[in-house]
Structures are given as structure tokens and as C-alpha cells.
Protein chains: 2
Amino acid sequence: MAYDDINLRVPGPTPVPEQVALAGARPMVNHRGPEFAATVGEVLERLRPFFGIASEPLLLTGSGTGAQEAAVVNMLSPGDEVLSVTAGVFGERFAAIAEAFGAAVTRIQGEWGKAISSEALAEAVRSNPGVKAVILTHNETSTGVTNDVAALVAAIRREVVGSQPVVLVDGVSSIGAIPFEMDQWDVDVAISGSQKAWMSPPGMAMVGVSERGWAAHAQARMPRFYWDFTKARKNGEKRTMPFTPAVGVVHAMQEALRLMTEEGPENVYARHAAIGERVRNGIQSLGLELFAEPSSVSNTVTAVRTPEGVETSSLIKGLRQRRVVVANGQDWLKGSIFRIGHMGWVHERDIDGLIGALEATLHESRLEAAV
Amino acid sequence: MAYDDINLRVPGPTPVPEQVALAGARPMVNHRGPEFAATVGEVLERLRPFFGIASEPLLLTGSGTGAQEAAVVNMLSPGDEVLSVTAGVFGERFAAIAEAFGAAVTRIQGEWGKAISSEALAEAVRSNPGVKAVILTHNETSTGVTNDVAALVAAIRREVVGSQPVVLVDGVSSIGAIPFEMDQWDVDVAISGSQKAWMSPPGMAMVGVSERGWAAHAQARMPRFYWDFTKARKNGEKRTMPFTPAVGVVHAMQEALRLMTEEGPENVYARHAAIGERVRNGIQSLGLELFAEPSSVSNTVTAVRTPEGVETSSLIKGLRQRRVVVANGQDWLKGSIFRIGHMGWVHERDIDGLIGALEATLHESRLEAAV
């Protein structure tokens, strides 16, 4: 648990350890000065193993959606054909952003709650030979599904005969908690957000860019200024950022990344895997049903079907009275599922508390229903 | 001074009072929950008097440059004619953003260090009858000049015979420290940033929009998603934000705005006016020359010409050794001026410390030069 007495179990923002929050409250500094340069350098360096990249990621000031927009406008030109694989709110949002900026988006609609099949993607790639980009979601926060990005990218690379498209991956709620190997998997742009796996407050986004991504960037003509990757890279090399960053959030990230580095990526991933399993076992022991199919369940977000006869909003309120905060479903799933976040600063005892509170709340709601 | 022992006198980020920083370190909350809704409501309400608007401002996650981009893409369509009044780095940036998104920008180049003249603006408005927008800078952070926005907008409104253009005002380093009356002055979009006058860490931008602004927004066709004002307004009405905001920064702003409300806008402005005068008197007592012309000096940022025989970078380093941090000039002014920020959490003793350190540093550098 964090230093407070709320068990914050929404899929972001996630709890922040007290020492991280206090690091974020350190006295303000000049974002162009030597102290902040050292912080930026340390953060960029410590992010690399979690992204699985040899090059340095970029830092942008904004949310995960901001990073989605940044990925789109830095990689594409208006009219470019894009394949967007969507099976949830955040995949849909990524596609909508590409459309808003003038891309010609073809959606591969996956079933919500299921993983995207490599075969379906391969087929779509064959049918759309001119695509400049393919947009994938690693972890769909709205459904609690993790996609096999390695297999999906391999399918793309195998099917394309001419010039390879850039592959943009939303890793907002996965990178830093679930293994991610950007270089090895041949991903071109990968994005994440400070408030998810990184045990930090929201406000900063991180972006990895491949060599192929930089080549695409040089050709990309969508209008951009604030999100421009060239500005971010040039400033990153000087250990600063093009525009005033959320300095306190970067200070917090520095401290959180020290904790994550000390724990080590493999242990961080193992902890999330164990916690994910603990959540699913607990949910199923209570007789509840997971929304995601068993083979693609996420180790950072669990979506649970609201049981018959229970109102999702009442359940959420009941949990809140027990100081556990979970999230409702989004879009058409609102009211029929609830979502539990378990990434970043999360331990077994948080899940024990969650499952216990859920048991009690369901018991109470059944008693009420029986009256 | 803040709770640290550094006298941070760059023109942003500015010092954060300890109680504000600690409020920003409060335990994380669900950004869609009732606690955060109460915070958002309080922040929006307390911002109003400083913007001088009856309606509620919008909150966006990003820097002041992000807010500039937001103003442009929400008010304009590609090809729209825009008059941009620039006399410094930030006016130039606002114009560059409008161009990046396809506006046809005509620049009215003012002399750096001088206020924009209403007559020149009126003439430009007459010569460009089809303009959809006029872009102004209230306080030019790169030169330490405050423009008379009331007079400039009045000149525009007087000269235009047909449909009035929207007037976009960069108040990033002025609103909250220098009187600003958005409704009364007939400004359509006004932007600011949490890290300037607001005694808060960077990460959030605030935007006021007039009724004329909302009408222009409904017609504006520049591509946008993350910065979309409609999304921000709809979410603001529900006391949340469209995408995960910098929650900790909003918590900090809530505490800072309580302090500012308690002090009262008039007292806040009077303090800044007195501090501004104190800075200028101190600078001139040391035999140094202000960069801005006397009639348009800013009460939040003072630009000082580096004296003959002194290197700006050495001066800055010398001040840093005395734990005072000031900023170099930007663009072509780099090396020939230095800039002192005095907005937000600033008091007489900070300026005493600054002037004393400056005196000692100049004395030392003259001794060195004499060797």
C-alpha cells in the first residue's frame, strides 16, 4: 500500500510510494540547469531496460493520450494508410487520433476481451499492402487483455514484401510491469505514461523510437509543434526538454526508477505476474467471472464481469466505503464490468485487502437484494 | 524564499511554497472520483478572478507551449489568415505554431524590448481585413516587457468593420501576477501555466475562452484530439479532465490558489508591482541597464543588459555559487542579457538576496578583469 489508507486499485493513476511522492515535492529547480540535467540523464538511462531499447527514449509532458497523439503526428502524413488493430477503448482512441489528423485508417476490429490473432493481422496486412503504419495495443486497459506484441509484429514483418510499415505500440499500461523488448520485437514507436507501471504521479509520457521510426519521422508531414520528436531528441541529448516539463513528476520518476532498478526488471515482472495470478484466483474464488479470455489475461489490469443482480456502481460505492477504489467499465462495458488495476506499487497485501473487501461488499449486496 | 536554500529567480519554473509542494505529494487519487472532482471544482472557481472571467477556464495537461498549441488548433482552420504580433521568443513561438498547423500568418514585428504600439496594430488590422485571429503576448518572458492588452484589443475592435477576429493572448507569465481582465478587455482565448505566477509546479495549463471563442471553435477545422476544448469543457463540467491530468500538480494548485485567494488578487498584484519596482531600483543602483524600455517594464520578469566586460554565462555561474539562479537571454539575446523572474512565491527578502549576490558577483568579476 501507499502511505495513505486508501487501496487505490484503478488502472491508473496508481499508488505512489511515500518516498517517491516526497521526491516529487523537492524544491523546484531550473529545468535548464545542471541539477535537472543530471535527473533527466538518470531517468532516460533507467528507462531503457524496461523499454528494451539500446537508444534513449524521449520524455514528453502530457498523458498517455498525448503520447498516442505524439506517435501519430511524428510518424505519418495526411492521407497515409494505417492499419489499426482495436479491441477496446484505448485501441479505438489511437485509431481516432490517427483519423483526426488525416490518416486513412482501416480498423481490424478484434473482439473485446480477446487477444488479437496474428493470423487476422497477417491477413489484414496482405489485404492492405500500402500501409505506412500499423497501430497495436500491448495491454488494453479497458478489457484487461495483453496482446502478444512479439508475435503480432513478427506476423507483420513476415507478410510485408516491400517497405516495412512503422509499428506503433501503446504500452501505456504495460511497459515497466510486463516484459517489453522494443528492439528485439522490432517495434518502431512504443509509448508509456508515468502514472501506470512507473509508481509515479501522472504528467509525463515516455516514448521509444527505432531507427525505422526516425526515418519515418523525417518524412512525416502531419502538423506538429509541441509533440515534435526532433525537438525532444535534441533537447534530450542536452539533458533537458524542449518546453517546461512537469519537473516534480520527473523528480518522482527518478526516485521510482531507482526503486525499480534496485528490484530489477525480472523481479518487477515476476511480482506483477504473481500479483496478476493472485487477483484472478481471488476473483474466481468469489465465484466471479473474468472478462478477458484466460489465455490473454493481463498482469496489470483485471476486468471482472459484474455478477447478476448487482449494480456495478453500487459495488464500486460499497468498495469505496471499505476504502478500496476500483473503476467501472468504459464505453459499452460501463455497468457490466469493473476493473482492478494492479501495476506499479502493488503487493500481495493490497490484493488481500481488495479481495476481502470485495467479498464483504458482495455479501452485503446479496443480503440487501434478499430483503 | 521557498523551503529550500536556493533563490530560484528564473522566469519559471518558479519557487513553490513548502505547503504547496506537500499538497502536491498527497496520496494519489482516482482522477474520475469524488475527491478529485472537489479539487477540480475548487481550482476552476478560484482561477476565475485572476483571469477576470465569468465563465470557467479549462484545464489542460501540458506546458505553456502546449496551451499555445491548444489555442491555435481550437480556434483556426488551415489557411486562415492570422495577424501575429511578435517582439520576442514567445510571441515568435505562438506565430510558429500557427504556421505549423497551416495558418497564413502575417507577423507584426515589434522591436524587442519595447511594447507593441496600438497604432501599429490598428494599421495592420486595417491592411489585413480578412484576419480570423490576432495573436498577442501579454508579458513577453524573453524581454521583460508587458504589453497593454486592453489598449491593443480595443484598437482591434475599433478598426474591424465586419466580423471580429478572435484575439488569442499569451498570459503564461502574467495572469495571476499582473491584472488581467479577460471579459472586460474582450479577449477570446487567454492561456497561462501552473509554474509561473501560480506558485505551483509545472505540468498544467489553464485556458479561458470567451463566447466568441466558443463560436470560432465550432468552426475551427485544424486537426486536434488531445487539446480539444470541447472535450475539456464537457469534462470540466463533470469536474474531471478528458485524459489523466497531472493530479499532483492540480493538488498543488488547489493549495496555492487558497493562498492566492486569501491574499486577494489586488494584494497579489500590488505585491508584484512593488517587487518589480524593487528589482528595477536595485538593478539600476548597481549601475546596470534594463533591457525593456521604462514605460513597458514587466512586474514578473526583468531583463538586464550584461555590463561591458562581463560574460553572461560567468555572471550566471557566479550567482549560482551564491545560490541565486537566473536565466540567460534567449535567441539572439543569449549572452547579452540575463533575466530575473519575480512572480508567484516572491518576497522582498528574495530580491534583497538577489541584488546583494549580484553586487558581489559583479565586484568579483571586475576584480578578475582587472588582474
# chains A, B, ... in the order shown; residues from 1 in each chain; ligands from 1
>>> residues_around(residues="Thr244 (chain A)", least_positions_apart="4", cutoff="10 Å", atoms="only C-alpha atoms", output="list in words")
Asn30, His31, Arg32, Leu60, Thr61 and Thr240 of chain A; Gly12, Pro13, Gly62, Ser63, Gly64, Thr65, Gly66, Gly193, Gln195, Pro202 and Gly203 of chain B
>>> closest_atom_pairs(of="chain B", to="chain A", cutoff="8 Å", atoms="only C-alpha atoms", output="Markdown table")
| residue | atom | partner | partner_atom | distance |
| --- | --- | --- | --- | --- |
| B:Ala2 | CA | A:Pro27 | CA | 7.4 |
| B:Tyr3 | CA | A:Pro27 | CA | 7.0 |
| B:Asp4 | CA | A:Pro27 | CA | 5.9 |
| B:Leu8 | CA | A:Val29 | CA | 7.0 |
| B:Val10 | CA | A:Asn30 | CA | 6.8 |
| B:Gly12 | CA | A:Asn30 | CA | 7.4 |
| B:Pro13 | CA | A:Asn30 | CA | 6.4 |
| B:Thr14 | CA | A:Met28 | CA | 7.0 |
| B:Pro15 | CA | A:Met28 | CA | 5.7 |
| B:Val16 | CA | A:Met28 | CA | 6.5 |
| B:Glu18 | CA | A:Pro27 | CA | 8.0 |
| B:Ala21 | CA | A:Ala25 | CA | 4.9 |
| B:Leu22 | CA | A:Ala25 | CA | 6.0 |
| B:Gly24 | CA | A:Ala25 | CA | 6.8 |
| B:Ala25 | CA | A:Ala21 | CA | 4.9 |
| B:Arg26 | CA | A:Ala21 | CA | 7.4 |
| B:Pro27 | CA | A:Asp4 | CA | 5.9 |
| B:Met28 | CA | A:Pro15 | CA | 5.7 |
| B:Val29 | CA | A:Leu8 | CA | 7.0 |
| B:Asn30 | CA | A:Pro13 | CA | 6.4 |
| B:His31 | CA | A:Pro13 | CA | 7.3 |
| B:Thr61 | CA | A:Gly62 | CA | 5.6 |
| B:Gly62 | CA | A:Gly62 | CA | 5.3 |
| B:Ser63 | CA | A:Thr244 | CA | 5.9 |
| B:Gly64 | CA | A:Thr244 | CA | 7.7 |
| B:Thr65 | CA | A:Tyr226 | CA | 6.7 |
| B:Gly66 | CA | A:Tyr226 | CA | 5.9 |
| B:Glu69 | CA | A:Tyr226 | CA | 6.9 |
| B:Ile97 | CA | A:Phe225 | CA | 6.2 |
| B:Ala100 | CA | A:Pro223 | CA | 5.7 |
| B:Phe101 | CA | A:Pro223 | CA | 5.2 |
| B:Gly102 | CA | A:Pro223 | CA | 7.8 |
| B:Pro201 | CA | A:Gly248 | CA | 6.5 |
| B:Pro202 | CA | A:Ala246 | CA | 4.8 |
| B:Gly203 | CA | A:Ala246 | CA | 4.3 |
| B:Pro223 | CA | A:Phe101 | CA | 5.2 |
| B:Arg224 | CA | A:Ala100 | CA | 6.4 |
| B:Phe225 | CA | A:Ile97 | CA | 6.2 |
| B:Tyr226 | CA | A:Gly66 | CA | 5.8 |
| B:Phe243 | CA | A:Ser63 | CA | 6.6 |
| B:Thr244 | CA | A:Ser63 | CA | 5.9 |
| B:Pro245 | CA | A:Gly203 | CA | 6.4 |
| B:Ala246 | CA | A:Gly203 | CA | 4.3 |
| B:Val247 | CA | A:Pro202 | CA | 6.3 |
| B:Gly248 | CA | A:Pro201 | CA | 6.5 |
| B:Val325 | CA | A:Asn30 | CA | 7.6 |
>>> write_last_selection(atoms="N, CA and C atoms", output="compact mmCIF listing (two decimals), in the first residue's frame")
# COMPACT_ATOMS: atom_id res chain seq x y z
N ALA B 2 11.51 29.97 -0.86
CA ALA B 2 10.83 28.68 -0.70
C ALA B 2 11.47 27.96 0.48
N TYR B 3 11.13 26.70 0.68
CA TYR B 3 11.64 25.92 1.80
C TYR B 3 13.04 25.41 1.56
N ASP B 4 13.59 25.77 0.41
CA ASP B 4 14.97 25.36 0.15
C ASP B 4 15.87 26.56 0.32
N LEU B 8 15.59 30.73 -6.40
CA LEU B 8 15.32 30.38 -7.80
C LEU B 8 14.67 31.57 -8.49
N VAL B 10 14.69 32.24 -11.96
CA VAL B 10 14.45 32.14 -13.41
C VAL B 10 12.98 32.48 -13.63
N GLY B 12 10.52 31.00 -14.48
CA GLY B 12 9.71 29.78 -14.49
C GLY B 12 10.53 28.61 -14.94
N PRO B 13 10.40 27.45 -14.24
CA PRO B 13 9.51 27.26 -13.09
C PRO B 13 9.93 28.15 -11.91
N THR B 14 8.95 28.56 -11.13
CA THR B 14 9.19 29.47 -10.01
C THR B 14 9.10 28.69 -8.70
N PRO B 15 9.60 29.29 -7.61
CA PRO B 15 9.60 28.58 -6.33
C PRO B 15 8.18 28.17 -5.89
N VAL B 16 8.11 27.06 -5.22
CA VAL B 16 6.84 26.53 -4.73
C VAL B 16 6.89 26.54 -3.20
N GLU B 18 6.48 25.43 0.57
CA GLU B 18 6.55 24.06 1.06
C GLU B 18 5.16 23.44 1.19
N ALA B 21 4.00 22.32 -2.18
CA ALA B 21 4.72 21.13 -2.64
C ALA B 21 4.20 19.89 -1.92
N LEU B 22 3.96 20.03 -0.61
CA LEU B 22 3.48 18.87 0.15
C LEU B 22 2.04 18.51 -0.24
N GLY B 24 0.98 18.78 -3.15
CA GLY B 24 1.19 18.04 -4.40
C GLY B 24 1.66 16.62 -4.19
N ALA B 25 2.16 16.34 -2.99
CA ALA B 25 2.65 14.99 -2.67
C ALA B 25 1.61 14.17 -1.91
N ARG B 26 0.40 14.71 -1.79
CA ARG B 26 -0.67 13.94 -1.13
C ARG B 26 -0.88 12.61 -1.85
N PRO B 27 -1.41 11.61 -1.14
CA PRO B 27 -1.64 10.32 -1.79
C PRO B 27 -2.44 10.48 -3.08
N MET B 28 -2.10 9.64 -4.04
CA MET B 28 -2.74 9.68 -5.35
C MET B 28 -4.22 9.33 -5.21
N VAL B 29 -5.03 9.90 -6.07
CA VAL B 29 -6.46 9.59 -6.07
C VAL B 29 -6.90 9.24 -7.49
N ASN B 30 -8.07 8.66 -7.58
CA ASN B 30 -8.71 8.38 -8.85
C ASN B 30 -9.10 9.71 -9.49
N HIS B 31 -8.63 9.99 -10.69
CA HIS B 31 -8.95 11.27 -11.32
C HIS B 31 -10.39 11.33 -11.80
N THR B 61 -3.41 19.31 -19.54
CA THR B 61 -2.15 18.78 -19.01
C THR B 61 -1.05 19.05 -20.02
N GLY B 62 -0.13 19.94 -19.66
CA GLY B 62 0.95 20.30 -20.56
C GLY B 62 1.58 21.60 -20.13
N SER B 63 2.48 22.11 -20.93
CA SER B 63 3.19 23.35 -20.61
C SER B 63 2.49 24.54 -21.26
N GLY B 64 3.05 25.72 -21.07
CA GLY B 64 2.52 26.92 -21.71
C GLY B 64 2.55 26.82 -23.22
N THR B 65 3.59 26.20 -23.76
CA THR B 65 3.64 25.99 -25.21
C THR B 65 2.51 25.08 -25.66
N GLY B 66 2.21 24.07 -24.85
CA GLY B 66 1.07 23.21 -25.14
C GLY B 66 -0.22 24.03 -25.20
N GLU B 69 -0.38 25.89 -28.44
CA GLU B 69 -0.82 24.99 -29.50
C GLU B 69 -2.33 24.74 -29.39
N ILE B 97 3.74 28.21 -34.22
CA ILE B 97 2.77 27.12 -34.03
C ILE B 97 1.61 27.29 -35.01
N ALA B 100 2.81 26.16 -38.28
CA ALA B 100 2.99 24.70 -38.35
C ALA B 100 1.67 24.01 -38.61
N PHE B 101 0.57 24.58 -38.15
CA PHE B 101 -0.75 23.98 -38.36
C PHE B 101 -1.48 24.57 -39.57
N GLY B 102 -0.76 25.34 -40.38
CA GLY B 102 -1.32 25.72 -41.68
C GLY B 102 -2.01 27.07 -41.75
N PRO B 201 4.02 23.71 -9.19
CA PRO B 201 4.98 23.07 -10.10
C PRO B 201 4.45 23.10 -11.53
N PRO B 202 5.33 22.94 -12.51
CA PRO B 202 4.87 22.89 -13.90
C PRO B 202 4.10 21.60 -14.18
N GLY B 203 3.28 21.62 -15.22
CA GLY B 203 2.57 20.42 -15.65
C GLY B 203 1.14 20.68 -16.10
N PRO B 223 -6.59 20.01 -37.20
CA PRO B 223 -6.71 18.70 -36.56
C PRO B 223 -6.35 18.80 -35.07
N ARG B 224 -7.12 18.09 -34.26
CA ARG B 224 -6.85 18.11 -32.82
C ARG B 224 -7.52 16.92 -32.17
N PHE B 225 -6.96 16.51 -31.07
CA PHE B 225 -7.59 15.48 -30.26
C PHE B 225 -7.27 15.76 -28.79
N TYR B 226 -5.98 15.65 -28.44
CA TYR B 226 -5.57 15.83 -27.03
C TYR B 226 -5.97 17.19 -26.50
N PHE B 243 -8.38 13.42 -20.20
CA PHE B 243 -7.34 12.40 -20.11
C PHE B 243 -6.67 12.56 -18.75
N THR B 244 -5.91 11.56 -18.32
CA THR B 244 -5.35 11.62 -16.97
C THR B 244 -4.53 12.89 -16.78
N PRO B 245 -4.96 13.76 -15.88
CA PRO B 245 -4.22 15.00 -15.66
C PRO B 245 -3.04 14.77 -14.72
N ALA B 246 -2.20 15.78 -14.60
CA ALA B 246 -1.11 15.76 -13.62
C ALA B 246 -1.74 16.00 -12.24
N VAL B 247 -2.28 14.94 -11.66
CA VAL B 247 -3.09 15.02 -10.43
C VAL B 247 -2.34 15.77 -9.31
N GLY B 248 -1.06 15.44 -9.13
CA GLY B 248 -0.30 16.08 -8.07
C GLY B 248 -0.17 17.59 -8.29
N VAL B 325 19.75 31.67 -8.77
CA VAL B 325 19.68 31.12 -10.13
C VAL B 325 18.88 32.07 -11.02
>>> select_by_dssp(residues="region 209-264 of chain B", states="helix (DSSP H, G or I)", output="number ranges by chain")
B: 211-219, 229-237, 247-263
>>> write_last_selection(atoms="N, CA and C atoms", output="CSV table (one decimal), in the first residue's frame")
chain,number,residue,atom,x,y,z
B,211,GLU,N,-17.2,33.7,-25.3
B,211,GLU,CA,-18.3,33.2,-26.1
B,211,GLU,C,-18.0,33.3,-27.6
B,212,ARG,N,-17.3,34.4,-28.0
B,212,ARG,CA,-16.8,34.5,-29.4
B,212,ARG,C,-15.8,33.4,-29.7
B,213,GLY,N,-15.0,33.1,-28.7
B,213,GLY,CA,-14.0,32.0,-28.8
B,213,GLY,C,-14.7,30.6,-29.1
B,214,TRP,N,-15.8,30.4,-28.3
B,214,TRP,CA,-16.5,29.1,-28.5
B,214,TRP,C,-17.2,29.0,-29.9
B,215,ALA,N,-17.6,30.2,-30.3
B,215,ALA,CA,-18.3,30.2,-31.7
B,215,ALA,C,-17.2,29.9,-32.7
B,216,ALA,N,-16.0,30.5,-32.6
B,216,ALA,CA,-14.9,30.2,-33.5
B,216,ALA,C,-14.5,28.7,-33.4
B,217,HIS,N,-14.5,28.2,-32.2
B,217,HIS,CA,-14.1,26.8,-32.0
B,217,HIS,C,-15.0,25.9,-32.8
B,218,ALA,N,-16.3,26.2,-32.8
B,218,ALA,CA,-17.2,25.4,-33.5
B,218,ALA,C,-17.0,25.3,-35.0
B,219,GLN,N,-16.3,26.3,-35.5
B,219,GLN,CA,-16.0,26.4,-37.0
B,219,GLN,C,-14.6,25.9,-37.3
B,229,PHE,N,-10.9,21.6,-27.0
B,229,PHE,CA,-11.6,22.4,-26.0
B,229,PHE,C,-13.0,21.8,-25.7
B,230,THR,N,-13.6,21.2,-26.6
B,230,THR,CA,-15.0,20.6,-26.4
B,230,THR,C,-14.8,19.5,-25.3
B,231,LYS,N,-13.8,18.7,-25.5
B,231,LYS,CA,-13.6,17.6,-24.6
B,231,LYS,C,-13.3,18.1,-23.2
B,232,ALA,N,-12.4,19.2,-23.2
B,232,ALA,CA,-12.0,19.8,-21.9
B,232,ALA,C,-13.2,20.4,-21.2
B,233,ARG,N,-14.1,21.1,-21.9
B,233,ARG,CA,-15.3,21.7,-21.3
B,233,ARG,C,-16.2,20.7,-20.8
B,234,LYS,N,-16.6,19.7,-21.6
B,234,LYS,CA,-17.5,18.7,-21.2
B,234,LYS,C,-17.0,18.0,-19.9
B,235,ASN,N,-15.7,17.7,-19.9
B,235,ASN,CA,-15.2,17.0,-18.7
B,235,ASN,C,-15.1,18.0,-17.5
B,236,GLY,N,-14.8,19.2,-17.8
B,236,GLY,CA,-14.7,20.2,-16.7
B,236,GLY,C,-16.1,20.4,-16.0
B,237,GLU,N,-17.1,20.3,-16.8
B,237,GLU,CA,-18.5,20.4,-16.2
B,237,GLU,C,-18.7,19.3,-15.2
B,247,VAL,N,-2.3,14.9,-11.7
B,247,VAL,CA,-3.1,15.0,-10.4
B,247,VAL,C,-2.3,15.8,-9.3
B,248,GLY,N,-1.1,15.4,-9.1
B,248,GLY,CA,-0.3,16.1,-8.1
B,248,GLY,C,-0.2,17.6,-8.3
B,249,VAL,N,0.0,18.0,-9.5
B,249,VAL,CA,0.1,19.4,-9.8
B,249,VAL,C,-1.2,20.1,-9.6
B,250,VAL,N,-2.3,19.4,-9.8
B,250,VAL,CA,-3.7,20.0,-9.6
B,250,VAL,C,-3.9,20.1,-8.0
B,251,HIS,N,-3.4,19.1,-7.3
B,251,HIS,CA,-3.5,19.2,-5.8
B,251,HIS,C,-2.6,20.4,-5.3
B,252,ALA,N,-1.5,20.6,-5.9
B,252,ALA,CA,-0.6,21.7,-5.5
B,252,ALA,C,-1.3,23.0,-5.9
B,253,MET,N,-1.9,23.1,-7.1
B,253,MET,CA,-2.6,24.3,-7.5
B,253,MET,C,-3.7,24.7,-6.5
B,254,GLN,N,-4.4,23.7,-6.1
B,254,GLN,CA,-5.5,23.9,-5.1
B,254,GLN,C,-5.0,24.6,-3.9
B,255,GLU,N,-3.9,24.1,-3.3
B,255,GLU,CA,-3.3,24.8,-2.1
B,255,GLU,C,-2.8,26.2,-2.5
B,256,ALA,N,-2.1,26.3,-3.6
B,256,ALA,CA,-1.6,27.6,-4.0
B,256,ALA,C,-2.7,28.6,-4.2
B,257,LEU,N,-3.8,28.2,-4.8
B,257,LEU,CA,-4.9,29.1,-5.1
B,257,LEU,C,-5.6,29.5,-3.8
B,258,ARG,N,-5.6,28.6,-2.8
B,258,ARG,CA,-6.1,29.0,-1.5
B,258,ARG,C,-5.3,30.2,-0.9
B,259,LEU,N,-4.0,30.1,-1.0
B,259,LEU,CA,-3.1,31.1,-0.6
B,259,LEU,C,-3.3,32.4,-1.3
B,260,MET,N,-3.5,32.3,-2.6
B,260,MET,CA,-3.6,33.5,-3.5
B,260,MET,C,-5.0,34.1,-3.2
B,261,THR,N,-6.0,33.3,-3.0
B,261,THR,CA,-7.3,33.8,-2.7
B,261,THR,C,-7.4,34.5,-1.4
B,262,GLU,N,-6.6,33.9,-0.4
B,262,GLU,CA,-6.6,34.6,0.9
B,262,GLU,C,-5.9,35.9,0.8
B,263,GLU,N,-4.8,36.0,0.1
B,263,GLU,CA,-4.1,37.2,-0.1
B,263,GLU,C,-5.0,38.2,-0.9
>>> residues_around(residues="Ser117 (chain A)", least_positions_apart="3", cutoff="8 Å", atoms="only C-alpha atoms", output="ChimeraX atom specification")
/A:120-121,152
>>> write_last_selection(atoms="N, CA and C atoms", output="short mmCIF file (atom, residue, chain, number, x, y, z; two decimals), in the first residue's frame")
data_model
loop_
_atom_site.label_atom_id
_atom_site.label_comp_id
_atom_site.auth_asym_id
_atom_site.auth_seq_id
_atom_site.Cartn_x
_atom_site.Cartn_y
_atom_site.Cartn_z
N ALA A 120 -5.24 -13.06 -38.17
CA ALA A 120 -6.12 -11.98 -38.64
C ALA A 120 -5.29 -10.77 -39.05
N LEU A 121 -4.27 -10.49 -38.25
CA LEU A 121 -3.42 -9.34 -38.57
C LEU A 121 -2.66 -9.60 -39.88
N LEU A 152 2.70 -10.51 -33.00
CA LEU A 152 1.98 -9.64 -33.94
C LEU A 152 2.95 -8.91 -34.86
#
>>> residues_around(residues="region 51-56 of chain B", least_positions_apart="6", cutoff="9 Å", atoms="only C-alpha atoms", output="PyMOL selection string")
chain B and resi 44-45+175-176+179-184+190+207-210+233+236
>>> select_by_dssp(residues="region 326-362 of chain B", states="strand (DSSP E)", output="PyMOL selection string")
chain B and resi 327-328+337-341
>>> write_last_selection(atoms="N, CA and C atoms", output="tab-separated table (two decimals), in the first residue's frame")
chain	number	residue	atom	x	y	z
B	327	ALA	N	18.39	33.40	-15.40
B	327	ALA	CA	18.39	32.80	-16.73
B	327	ALA	C	19.14	33.68	-17.73
B	328	ASN	N	19.74	33.03	-18.70
B	328	ASN	CA	20.40	33.73	-19.79
B	328	ASN	C	19.34	34.32	-20.74
B	337	ILE	N	22.02	39.58	-22.45
B	337	ILE	CA	21.18	39.95	-21.30
B	337	ILE	C	21.10	38.76	-20.34
B	338	PHE	N	20.66	39.04	-19.11
B	338	PHE	CA	20.22	37.94	-18.24
B	338	PHE	C	18.84	38.31	-17.72
B	339	ARG	N	18.08	37.28	-17.33
B	339	ARG	CA	16.68	37.51	-16.96
B	339	ARG	C	16.40	37.03	-15.55
B	340	ILE	N	15.64	37.86	-14.85
B	340	ILE	CA	15.29	37.59	-13.46
B	340	ILE	C	13.78	37.37	-13.38
B	341	GLY	N	13.38	36.24	-12.84
B	341	GLY	CA	11.96	36.00	-12.64
B	341	GLY	C	11.54	36.47	-11.25
>>> atom_distance(atom1="CA of Thr302 (chain B)", atom2="CA of Ala38 (chain A)")
28.0 Å
>>> residues_around(residues="Gln330 (chain A)", least_positions_apart="5", cutoff="9 Å", atoms="only C-alpha atoms", output="list in words")
Gly88, Val89, Ser142, Thr143, Gly335, Ile337 and Phe338 of chain A
>>> atom_distance(atom1="CA of Ala273 (chain A)", atom2="CA of Asp331 (chain A)")
27.5 Å
>>> closest_residue(among="B:Gly309, B:Ala177, B:Val189, B:Gly356", to="Asn267 (chain B)", atoms="only C-alpha atoms")
B:Ala177
>>> decode(residues="region 138-199 of chain B", atoms="C-alpha atoms", output="short mmCIF file (atom, residue, chain, number, x, y, z; two decimals), in the first residue's frame")
data_model
loop_
_atom_site.label_atom_id
_atom_site.label_comp_id
_atom_site.auth_asym_id
_atom_site.auth_seq_id
_atom_site.Cartn_x
_atom_site.Cartn_y
_atom_site.Cartn_z
CA HIS B 138 0.65 39.99 -22.61
CA ASN B 139 4.01 39.53 -20.95
CA GLU B 140 7.00 38.67 -23.14
CA THR B 141 9.16 36.46 -20.91
CA SER B 142 12.17 36.77 -23.19
CA THR B 143 12.44 40.57 -22.95
CA GLY B 144 10.69 41.55 -19.72
CA VAL B 145 8.05 43.62 -21.46
CA THR B 146 4.37 43.86 -20.54
CA ASN B 147 2.03 44.91 -23.32
CA ASP B 148 -1.14 46.90 -22.78
CA VAL B 149 -3.54 44.19 -23.85
CA ALA B 150 -6.62 46.28 -23.02
CA ALA B 151 -5.50 49.02 -25.41
CA LEU B 152 -4.38 46.58 -28.10
CA VAL B 153 -7.67 44.69 -28.11
CA ALA B 154 -9.60 47.97 -28.11
CA ALA B 155 -7.64 49.04 -31.19
CA ILE B 156 -8.52 45.79 -32.95
CA ARG B 157 -12.22 46.03 -32.06
CA ARG B 158 -12.30 49.66 -33.25
CA GLU B 159 -10.65 49.02 -36.61
CA VAL B 160 -12.53 45.92 -37.66
CA VAL B 161 -15.72 46.73 -39.52
CA GLY B 162 -17.03 43.24 -40.29
CA SER B 163 -16.77 40.07 -38.30
CA GLN B 164 -14.46 40.43 -35.31
CA PRO B 165 -11.37 38.22 -35.22
CA VAL B 166 -10.69 36.11 -32.17
CA VAL B 167 -7.92 37.57 -30.05
CA LEU B 168 -5.60 34.98 -28.51
CA VAL B 169 -3.48 36.22 -25.63
CA ASP B 170 -0.41 34.55 -24.16
CA GLY B 171 -0.69 35.33 -20.47
CA VAL B 172 1.60 32.48 -19.43
CA SER B 173 3.92 34.67 -17.36
CA SER B 174 1.41 37.35 -16.38
CA ILE B 175 -2.01 36.03 -15.39
CA GLY B 176 -2.14 35.58 -11.63
CA ALA B 177 0.53 38.23 -11.04
CA ILE B 178 -0.45 41.21 -13.23
CA PRO B 179 -4.07 42.39 -13.54
CA PHE B 180 -5.86 40.58 -16.32
CA GLU B 181 -9.50 41.21 -17.24
CA MET B 182 -10.41 38.82 -19.96
CA ASP B 183 -14.12 39.67 -20.14
CA GLN B 184 -13.67 43.41 -19.73
CA TRP B 185 -10.85 43.62 -22.28
CA ASP B 186 -12.79 41.44 -24.74
CA VAL B 187 -10.09 38.78 -25.07
CA ASP B 188 -11.21 35.49 -26.65
CA VAL B 189 -8.60 32.99 -25.52
CA ALA B 190 -6.18 33.58 -22.65
CA ILE B 191 -3.62 30.99 -21.56
CA SER B 192 -1.42 30.53 -18.53
CA GLY B 193 0.78 27.86 -16.94
CA SER B 194 0.88 26.47 -13.40
CA GLN B 195 4.63 27.08 -12.98
CA LYS B 196 4.58 30.85 -13.43
CA ALA B 197 2.50 33.19 -11.23
CA TRP B 198 0.60 30.33 -9.62
CA MET B 199 3.27 29.19 -7.12
#
